[in-house]
2 protein chains.
Amino acid sequence: MNKLDSTTVVQIGIIVKDAEKTASHYAEVFGIPMPAVVPIADDSFANTNYRGQASTAKGKAAFFDLGPVQMELIEPVSAPSTWEEFLRTHGEGIHHIAFKTQDMDAARKFLASKGMETIQHGGWDGGQYAYIESTKQLGTILELLHSD
Amino acid sequence: MNKLDSTTVVQIGIIVKDAEKTASHYAEVFGIPMPAVVPIADDSFANTNYRGQASTAKGKAAFFDLGPVQMELIEPVSAPSTWEEFLRTHGEGIHHIAFKTQDMDAARKFLASKGMETIQHGGWDGGQYAYIESTKQLGTILELLHSD
């Protein structure tokens with residue numbers, strides 16, 4: 001792989017202190033139904049790895065669509081995670097933009113070869129994700145998403 | 001207006017120290033043509049207003065599409081502006097997500113009634129923009145865009 005295999009932004013992820021409260025503001029401002037707030041990284045298949053070490057960090061998230069892009073509001077629940085680190089060092093704000101990949105290993109290796117290392121990875125029931133420390137190069141963290 | 005008149009994210013704006021350099025990293029990572037870097041807010045029609053005062057602040061920007069979303073890399077050139085303020089207080093990162101509106105005045109008044117005030121507004125040859133201080137409520141600054 002000598003470039004990412006998708007150029008389509010599929011998700012914008014925002015770190016917030018209170019996912020329920022922020023979701024209610026989105027519902028009000030955009031006139032959309034109140035999004036559900038669900039646990040993330042809380043199951044046996046999560047396999048969360050943060051900076052090379054297994055982590056039991058969890059979060060709460062609200063997912064909803066604004067046009068073609070999925071919004072994810074993430075409330076860090078425990079540490080260590082990139083979510084908790086971002087809130088502690090930046091405050092609330094946009095944490096990542098996400099892209100799908102067909103080949104997670106190749107995409108991670110390609111980005112690492114350009115100095116952009118994986119800072120956290122894990123899975124859910126049906127897929128895998130990896131967060132890439134690309135702020136220095138791209139001005140934001142990238143998330144790679146792969147559906148099994 | 002009792003909600004915004006669009007729920008479609010049209011742009012993600014990232015504040016960077018060097019738009020040319022960051023644009024070159026996007027070109028490399030996504031395999032897209034190198035975006036042009038152009039001056040913003042540098043013309044007589046810009047009418048930049050920052051926190052209630054006229055401002056001669058300028059910037060440089062690179063625009064390119066990643067799927068359905070336009071990316072805008074903004075390098076602050078002079079102060080005072082929300083761009084310069086963000087870089088100084090947050091460092092490089094995602095500054096705003098943008099939505100179109102048919103009625104800029106009504107959209108700004110609606111958001112102000114919810115505690116989200118305009119922090120900067122201005123225009124370009126063909127339209128107007130307003131940045132809204134909505135970080136506390138929505139986890140990010142909103143930008144409203146109106147084409148004349």
# chains A, B, ... in the order shown; residues from 1 in each chain; ligands from 1
$ select_by_dssp --residues "chain A" --states "strand (DSSP E or B)" --output "MDAnalysis selection string"
chainID A and resid 11:15 37:40 49:50 53:54 59:66 69:76 93:100 118:124 127:132 141:147
$ closest_atom_pairs --of "chain A" --to "chain B" --cutoff "6 Å" --atoms "only C-alpha atoms" --output "CSV"
residue,atom,partner,partner_atom,distance
A:Lys3,CA,B:Val29,CA,5.1
A:Leu4,CA,B:Phe30,CA,5.3
A:Thr7,CA,B:Leu66,CA,5.1
A:Thr8,CA,B:Gly67,CA,4.0
A:Val9,CA,B:Leu66,CA,6.0
A:Thr22,CA,B:Leu138,CA,5.7
A:Val29,CA,B:Lys3,CA,5.1
A:Phe30,CA,B:Leu4,CA,5.3
A:Gly31,CA,B:Lys3,CA,5.5
A:Leu66,CA,B:Thr8,CA,5.0
A:Gly67,CA,B:Thr8,CA,4.0
A:Glu92,CA,B:Gly139,CA,5.5
A:Gly93,CA,B:Gly139,CA,5.0
A:Ile94,CA,B:Ile94,CA,5.9
A:Gln137,CA,B:Thr22,CA,5.9
A:Leu138,CA,B:Thr22,CA,5.7
A:Gly139,CA,B:Gly93,CA,5.0
A:Thr140,CA,B:Gly93,CA,5.5
$ residues_around --residues "Glu117 (chain B)" --least-positions-apart "4" --cutoff "6 Å" --atoms "only C-alpha atoms" --output "PyMOL selection string"
chain B and resi 112+132-133
$ atom_distance --atom1 "CA of Pro39 (chain B)" --atom2 "CA of Ala106 (chain B)"
29.1 Å
$ atom_distance --atom1 "CA of Met104 (chain A)" --atom2 "CA of Asp42 (chain A)"
21.8 Å
$ closest_residue --among "B:Gln120, B:Gln128, B:Asn47, B:Gln53" --to "Glu85 (chain B)" --atoms "only C-alpha atoms"
B:Gln120
$ atom_distance --atom1 "CA of Phe63 (chain B)" --atom2 "CA of Ala36 (chain B)"
7.3 Å
$ select_by_dssp --residues "region 35-101 of chain B" --states "helix (DSSP H, G or I)" --output "list in words"
Ser44, Phe45, Ala46, Thr82, Trp83, Glu84, Glu85, Phe86, Leu87, Arg88, Thr89 and His90 of chain B
$ residues_around --residues "Trp124 (chain B)" --least-positions-apart "2" --cutoff "12 Å" --atoms "only C-alpha atoms" --output "PyMOL selection string"
chain B and resi 39-48+121-122+126-130+145-148
$ write_last_selection --atoms "all heavy atoms" --output "short mmCIF file (atom, residue, chain, number, x, y, z; two decimals), in the first residue's frame"
data_model
loop_
_atom_site.label_atom_id
_atom_site.label_comp_id
_atom_site.auth_asym_id
_atom_site.auth_seq_id
_atom_site.Cartn_x
_atom_site.Cartn_y
_atom_site.Cartn_z
N PRO B 39 -4.84 32.74 -0.45
CA PRO B 39 -5.11 33.68 0.64
C PRO B 39 -6.60 33.71 0.98
O PRO B 39 -7.44 33.55 0.10
CB PRO B 39 -4.66 35.03 0.08
CG PRO B 39 -4.61 34.86 -1.39
CD PRO B 39 -4.44 33.40 -1.70
N ILE B 40 -6.92 33.89 2.27
CA ILE B 40 -8.32 34.09 2.68
C ILE B 40 -8.42 35.38 3.49
O ILE B 40 -7.47 35.79 4.16
CB ILE B 40 -8.90 32.90 3.47
CG1 ILE B 40 -8.06 32.53 4.69
CG2 ILE B 40 -9.07 31.68 2.56
CD1 ILE B 40 -8.72 31.49 5.60
N ALA B 41 -9.60 36.00 3.39
CA ALA B 41 -9.91 37.23 4.13
C ALA B 41 -8.98 38.39 3.78
O ALA B 41 -8.74 39.26 4.60
CB ALA B 41 -9.91 36.98 5.64
N ASP B 42 -8.47 38.39 2.54
CA ASP B 42 -7.49 39.42 2.20
C ASP B 42 -8.04 40.48 1.25
O ASP B 42 -7.27 41.30 0.75
CB ASP B 42 -6.25 38.78 1.57
CG ASP B 42 -6.54 38.21 0.21
OD1 ASP B 42 -7.71 37.86 -0.03
OD2 ASP B 42 -5.62 38.12 -0.60
N ASP B 43 -9.33 40.49 1.01
CA ASP B 43 -9.88 41.42 0.04
C ASP B 43 -10.84 42.40 0.70
O ASP B 43 -11.25 42.22 1.84
CB ASP B 43 -10.60 40.65 -1.08
CG ASP B 43 -9.62 39.89 -1.94
OD1 ASP B 43 -8.71 40.53 -2.50
OD2 ASP B 43 -9.76 38.65 -2.02
N SER B 44 -11.22 43.42 -0.05
CA SER B 44 -12.07 44.47 0.50
C SER B 44 -13.43 43.92 0.93
O SER B 44 -14.04 44.42 1.87
CB SER B 44 -12.26 45.57 -0.54
OG SER B 44 -12.81 45.02 -1.72
N PHE B 45 -13.91 42.86 0.26
CA PHE B 45 -15.22 42.32 0.63
C PHE B 45 -15.16 41.38 1.83
O PHE B 45 -16.17 40.84 2.25
CB PHE B 45 -15.90 41.63 -0.55
CG PHE B 45 -15.03 40.62 -1.25
CD1 PHE B 45 -14.72 39.42 -0.64
CD2 PHE B 45 -14.53 40.88 -2.51
CE1 PHE B 45 -13.91 38.49 -1.29
CE2 PHE B 45 -13.72 39.95 -3.16
CZ PHE B 45 -13.41 38.76 -2.54
N ALA B 46 -13.99 41.16 2.38
CA ALA B 46 -13.88 40.20 3.47
C ALA B 46 -14.63 40.68 4.72
O ALA B 46 -15.29 39.90 5.38
CB ALA B 46 -12.41 39.95 3.81
N ASN B 47 -14.53 41.99 5.01
CA ASN B 47 -15.28 42.57 6.15
C ASN B 47 -15.18 41.72 7.41
O ASN B 47 -16.19 41.46 8.08
CB ASN B 47 -16.77 42.73 5.79
CG ASN B 47 -17.03 43.95 4.94
OD1 ASN B 47 -16.36 44.97 5.11
ND2 ASN B 47 -17.97 43.85 4.01
N THR B 48 -13.98 41.30 7.73
CA THR B 48 -13.81 40.40 8.87
C THR B 48 -14.14 41.11 10.17
O THR B 48 -13.66 42.22 10.43
CB THR B 48 -12.36 39.88 8.91
OG1 THR B 48 -12.04 39.31 7.64
CG2 THR B 48 -12.19 38.84 10.01
N HIS B 121 -17.29 36.77 11.86
CA HIS B 121 -18.05 36.65 10.62
C HIS B 121 -17.40 37.50 9.55
O HIS B 121 -16.57 38.37 9.84
CB HIS B 121 -19.53 37.00 10.82
CG HIS B 121 -19.79 38.40 11.28
ND1 HIS B 121 -20.05 39.43 10.43
CD2 HIS B 121 -19.82 38.94 12.54
CE1 HIS B 121 -20.26 40.54 11.13
NE2 HIS B 121 -20.10 40.28 12.41
N GLY B 122 -17.76 37.21 8.32
CA GLY B 122 -17.18 37.93 7.20
C GLY B 122 -17.73 37.38 5.91
O GLY B 122 -18.77 36.71 5.90
N GLY B 126 -19.03 36.18 -3.13
CA GLY B 126 -20.11 35.24 -3.43
C GLY B 126 -20.82 34.70 -2.21
O GLY B 126 -21.78 33.94 -2.35
N GLY B 127 -20.36 35.07 -1.01
CA GLY B 127 -21.03 34.51 0.15
C GLY B 127 -20.60 35.12 1.47
O GLY B 127 -19.80 36.06 1.51
N GLN B 128 -21.16 34.57 2.51
CA GLN B 128 -20.87 35.01 3.88
C GLN B 128 -20.63 33.79 4.76
O GLN B 128 -21.18 32.72 4.50
CB GLN B 128 -22.07 35.73 4.49
CG GLN B 128 -22.63 36.91 3.76
CD GLN B 128 -23.98 37.27 4.38
OE1 GLN B 128 -24.09 37.44 5.59
NE2 GLN B 128 -25.00 37.34 3.55
N TYR B 129 -19.86 34.01 5.82
CA TYR B 129 -19.66 32.94 6.80
C TYR B 129 -19.82 33.52 8.20
O TYR B 129 -19.65 34.73 8.41
CB TYR B 129 -18.27 32.29 6.65
CG TYR B 129 -17.13 33.19 7.10
CD1 TYR B 129 -16.72 33.20 8.44
CD2 TYR B 129 -16.49 34.04 6.21
CE1 TYR B 129 -15.70 34.04 8.86
CE2 TYR B 129 -15.47 34.88 6.62
CZ TYR B 129 -15.07 34.88 7.95
OH TYR B 129 -14.07 35.72 8.38
N ALA B 130 -20.11 32.63 9.16
CA ALA B 130 -20.09 33.01 10.57
C ALA B 130 -19.59 31.82 11.38
O ALA B 130 -20.05 30.69 11.15
CB ALA B 130 -21.48 33.40 11.05
N LEU B 145 -22.45 28.79 6.53
CA LEU B 145 -22.07 29.29 5.21
C LEU B 145 -23.33 29.68 4.44
O LEU B 145 -24.31 28.92 4.42
CB LEU B 145 -21.33 28.19 4.42
CG LEU B 145 -20.00 27.73 5.01
CD1 LEU B 145 -19.53 26.47 4.28
CD2 LEU B 145 -18.95 28.83 4.91
N HIS B 146 -23.28 30.84 3.81
CA HIS B 146 -24.41 31.29 3.00
C HIS B 146 -23.91 31.78 1.65
O HIS B 146 -23.04 32.65 1.59
CB HIS B 146 -25.16 32.43 3.71
CG HIS B 146 -26.27 33.00 2.90
ND1 HIS B 146 -27.47 32.36 2.72
CD2 HIS B 146 -26.35 34.15 2.16
CE1 HIS B 146 -28.25 33.09 1.95
NE2 HIS B 146 -27.59 34.19 1.60
N SER B 147 -24.44 31.21 0.59
CA SER B 147 -24.07 31.68 -0.75
C SER B 147 -25.07 32.74 -1.19
O SER B 147 -26.29 32.55 -1.04
CB SER B 147 -24.11 30.51 -1.75
OG SER B 147 -23.13 29.56 -1.40
N ASP B 148 -24.55 33.85 -1.71
CA ASP B 148 -25.44 34.95 -2.13
C ASP B 148 -26.20 34.55 -3.40
O ASP B 148 -25.73 33.77 -4.21
CB ASP B 148 -24.61 36.21 -2.41
CG ASP B 148 -23.98 36.74 -1.13
OD1 ASP B 148 -24.53 36.49 -0.04
OD2 ASP B 148 -22.92 37.40 -1.23
#
$ residues_around --residues "Val77 (chain B)" --least-positions-apart "3" --cutoff "9 Å" --atoms "only C-alpha atoms" --output "list in words"
Ala57, Lys58, Gly59, Lys60, Trp83 and Glu84 of chain B
